[in-house]
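Undergrad: To start, I am sharing the structure in question, which I have written as structure tokens.
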Amino acid sequence: MPRSQRSVPALAAGVAALGILATVSLGGALEGLAERNQRQALDRRVDLVRTGVAAEAARYVDAITDIAAAVGAQTDLTADDFARISAAVSTDRLPAVTAVAVLVAAGTAEVPAAQDYWRAHGATGLTLRPDPSETEHVFSVLARDYDGRPPMVGPDLAKRTELVDALRHSANTNAAAVSRTYVLARDENMPPDRRQLSFVVAVPFYRPTADRISGWAVMGLRGGTFLDAAMRGGALSMIEVELLDSSAEGLRTPVARWPSGEPEADADLTRTVAVGVAQRTWQLTVKPTGKLAEGEAPYLVPASALAGTLITALVVGLILILGLSRGHALARVAAATAALQADIARREETERQLRRTETELRAFLAMTGHDLKSPLASVAGHVELLRTPGAPDPADWLAVERGLGRMNRLVDDLLTYAVADAAPLEPRPVDLGAMAAEIAAEHATVRIGPLPTVMADPRMLRHVLENLVGNAVKYSCPGHAPDVEIVSVPAGARTRIEVADHGIGVPDTERARVFEAFHRSANGTDRPGTGLGLAICQRIVERHGGEIGVDANDGGGSRFWFTLPGG
């Protein structure tokens with residue numbers, strides 16, 4: 001056998017070894033890339049979870065703060081006043097709420113007078129039951145429940161240390177305070193498998209003529225329901241989230257887990273982040289329950305190994321077949337090896353690009369967060385200075401507070417806009433008439449025609465109606481009271497809802513652009529807004545399979561309309 005032919009098997013064996021080595025190296029590189037993608041995907045979800053929980057908590061704190069302000073504004077608060085004020089709270093918007101109550105403090109000698117006072121103000125049948133072992137008492141005198149159970153009024157709550165600590169902190173800081181987690185008194189008799197750890201948010205209020213705290217507005221929240229609501233709005237999957245309450249002694253109390261069950265993934269991928277809520281710090285533990293990397297092919301590594309093996313076998317076969325043409329066979333081997341090396345190089349370049357993109361994205365997020373948070377912190381600081389004795393005209397700090405409110409609304413709209421096309425839909429029958437009536441209660445000038453029941457996600461649909469009605473009121477003609485009408489119009493197989501007004505209207509040339517993000521009509525730039533409201537409405541309606549638009553209204557103004565399937 002010629003020497004050149006004797007070298008063919010050795011050459012084939014060498015090429016086979018090289019191909020196997022390259023295939024193994026490629027598989028290892030892909031495994032590493034998949035693991036990095038997994039960690040990056042988990043970090044992105046952690047950011048979404050932290051933002052969602054903080055935003056959900058802020059909604060409850062804002063709600064009870066508004067109630068405390070309304071209660072304190074009453075010259076002589078009655079049970080009817082409280083019923084009207086607390087009616088603004090809805091479990092559609094705040095699903096974790098159990099009850100809202102007015103709490104007052106009284107010494108033992110003051111209890112009979114306090115009981116007589118609140119009975120005379122509408123709390124008929126109220127019986128205050130002081131704990132004989134205490135000298136200072138805390139009573140719930142007015143309450144409204146949201147879970148179908150009788151409100152608890154009358155018993156002494158002085159031994160509820162978690163509640164009392166929150167009341168004291170809110171009184172000392174004159175701000176909202178969140179209690180440590182505990183089992184609410186109303187839940188103590190529930191079966192253990194249905195009992196949740198809960199917490200309360202307390203805000204002090206002052207009567208207009210009082211020079212000290214008159215009482216507290218308190219809202220009870222169930223931890224598990226709170227976490228479920230925060231997670232449903234974030235379009236999250238393949239993770240487990242656990243909410244823990246951190247105490248001053250460094251102890252962490254598990255409050256709730258979403259979803260229930262044990263994580264499947266390696267505990268090495270666990271992330272723990274802190275979330276500040278009022279004066280307390282909560283911790284969130286996030287664990288993956290499956291492959292997180294978006295777009296990752298589950299069989300990428302095996303397929304690459306198979307491809308590398310096939311390529312190697314092909315090269316070896318060519319060498320054996322073309323053994324008599326050694327030069328030609330070696331050229332094919334070189335070409336195949338170069339192709340494998342080029343593939344590895346391309347994948348390494350892709351990995352470098354991913355790292356660069358991640359760095360740029362983190363820099364952008366850091367810059368954006370600074371540009372939003374720094375002005376908020378500065379404005380908040382000036383507000384505190386303006387509140388001190390001898391401060392400038394209150395109109396100055398009211399203007400600052402309005403600016404702060406606008407910035408907060410911009411952040412809220414940005415978050416809503418970011419998840420409006422990704423949050424999971426939870427359609428169920430919605431009574432449009434009842435929903436419109438709740439919204440109209442906030443605007444005395446809204447007229448409502450007969451409205452049907454539709455299948456839709458109630459929280460998203462409420463956002464659309466609230467935005468359209470709010471715009472109709474906001475863009476009314478100067479010097480004229482708002483005139484808004486909500487009606488249903490037959491539209492074949494669809495339901496068409498119209499919100500009409502007689503305001504400043506939308507110019508013909510801008511109707512095609514009013515639903516673009518950040519677009520503001522030229523004749524409405526003097527009205528406050530972020531330019532995201534109609535864009536969010538469009539995303540929500542289109543996710544329901546409907547359409548949205550605007551026409552000129554007879555007699556002036558605009559007629560915004562949207563459709564839903566199956567009217």
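A note on labels: chains of the structure tokens are A, B, ... as shown, every chain counts residues from 1, and ligands are counted from 1 in their shown order.
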Could I get the residues of range 175-228 of chain A with an atom no further than 12 Å from an atom of range 50-53 of chain A, each paired with its nearest atom pair and that distance in Å to one decimal, using only C-alpha atoms, sorted by chain and residue number, as a tab-separated table?

TA:
```
residue	atom	partner	partner_atom	distance
A:Gly223	CA	A:Val53	CA	11.3
A:Thr225	CA	A:Val53	CA	12.0
A:Phe226	CA	A:Val53	CA	8.6
A:Leu227	CA	A:Val53	CA	7.2
A:Asp228	CA	A:Val53	CA	9.8
```

Undergrad: Quick one: residues within 10 Å of Val141 in chain A, only C-alpha atoms counted, chain neighbours fewer than 4 positions away excluded, as a ChimeraX atom specification?

TA: /A:79,101-104,114-115,118-119,123,126-128,152-155

Undergrad: Can I get the selected residues back with N, CA and C atoms, as a tab-separated table (two decimals), in the first residue's frame?

TA:
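Result written to result-v3.tsv:
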```tsv
chain	number	residue	atom	x	y	z
A	79	ALA	N	-71.69	58.28	61.04
A	79	ALA	CA	-71.63	56.97	60.41
A	79	ALA	C	-72.00	57.07	58.93
A	101	ALA	N	-61.74	50.84	58.67
A	101	ALA	CA	-62.35	51.20	59.94
A	101	ALA	C	-61.78	52.52	60.45
A	102	VAL	N	-62.56	53.16	61.34
A	102	VAL	CA	-62.10	54.33	62.10
A	102	VAL	C	-61.81	53.86	63.52
A	103	LEU	N	-60.58	54.05	64.00
A	103	LEU	CA	-60.16	53.66	65.34
A	103	LEU	C	-59.93	54.91	66.17
A	104	VAL	N	-60.30	54.85	67.46
A	104	VAL	CA	-60.06	55.95	68.39
A	104	VAL	C	-59.45	55.38	69.66
A	114	ALA	N	-67.09	58.36	75.17
A	114	ALA	CA	-66.80	58.01	73.78
A	114	ALA	C	-67.93	57.18	73.19
A	115	GLN	N	-68.43	56.23	73.97
A	115	GLN	CA	-69.54	55.39	73.47
A	115	GLN	C	-70.77	56.25	73.17
A	118	TRP	N	-70.28	58.40	69.85
A	118	TRP	CA	-70.37	57.72	68.56
A	118	TRP	C	-71.77	57.16	68.33
A	119	ARG	N	-72.47	56.78	69.41
A	119	ARG	CA	-73.86	56.38	69.22
A	119	ARG	C	-74.68	57.57	68.71
A	123	ALA	N	-73.55	55.52	65.09
A	123	ALA	CA	-73.13	54.15	65.37
A	123	ALA	C	-74.10	53.52	66.38
A	126	LEU	N	-73.63	50.53	69.17
A	126	LEU	CA	-72.22	50.39	69.50
A	126	LEU	C	-72.04	50.20	71.00
A	127	THR	N	-71.28	49.15	71.35
A	127	THR	CA	-70.96	48.89	72.75
A	127	THR	C	-69.45	48.75	72.87
A	128	LEU	N	-68.80	49.68	73.55
A	128	LEU	CA	-67.36	49.62	73.74
A	128	LEU	C	-67.05	48.70	74.92
A	152	MET	N	-66.18	44.34	62.64
A	152	MET	CA	-65.90	44.23	64.07
A	152	MET	C	-65.78	45.62	64.67
A	153	VAL	N	-66.74	46.00	65.52
A	153	VAL	CA	-66.71	47.27	66.23
A	153	VAL	C	-66.99	47.00	67.70
A	154	GLY	N	-66.31	47.77	68.56
A	154	GLY	CA	-66.59	47.66	69.99
A	154	GLY	C	-65.51	47.03	70.83
A	155	PRO	N	-64.89	45.88	70.43
A	155	PRO	CA	-63.91	45.25	71.34
A	155	PRO	C	-62.64	46.09	71.47
```

Undergrad: Which polymer residues have any atom within 12 Å of an atom of Val275 in chain A, counting only C-alpha atoms, with same-chain residues fewer than 6 positions away left out, as a VMD selection string?

TA: chain A and resid 46 to 47 49 to 58 243 to 246 281 to 285

Undergrad: Just how far from CA of Arg459 in chain A is CA of Arg93 in chain A, in Å to one decimal?

TA: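 Here the two named atoms are 6.7 Å from each other.
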
Undergrad: Which residues are near Val89 in chain A? Cut-off 9 Å, only C-alpha atoms, ignore same chain within fewer than 5 positions. Put them as a list in words.

TA: Ala63, Ile64, Leu94, Val97, Val100 and Tyr146 of chain A

Undergrad: When you look at Ala441 in chain A with a cut-off of 12 Å (counting only C-alpha atoms), what residues show up, excluding the ones that are within fewer than 2 positions of it in the same chain? I need them as a list of chain:residue names.

TA: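 The residues satisfying every condition are A:Arg84, A:Ile85, A:Ala87, A:Ala88, A:Ala434, A:Met435, A:Ala436, A:Ala437, A:Glu438, A:Ile439, A:His443, A:Ala444, A:Thr445, A:Val446, A:Arg447, A:Ile448, A:Glu466, A:Val469.
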
Undergrad: Can you tell me how far CA of Tyr117 in chain A sits from CA of Ser214 in chain A, in Å to one decimal?

TA: 13.1 Å

Undergrad: Could you give me, as a ChimeraX atom specification, the residues within 10 Å of Val111 in chain A, counting only C-alpha atoms and dropping anything in the same chain fewer than 4 positions from it?

TA: /A:105-107,115-117,127-130,136-139
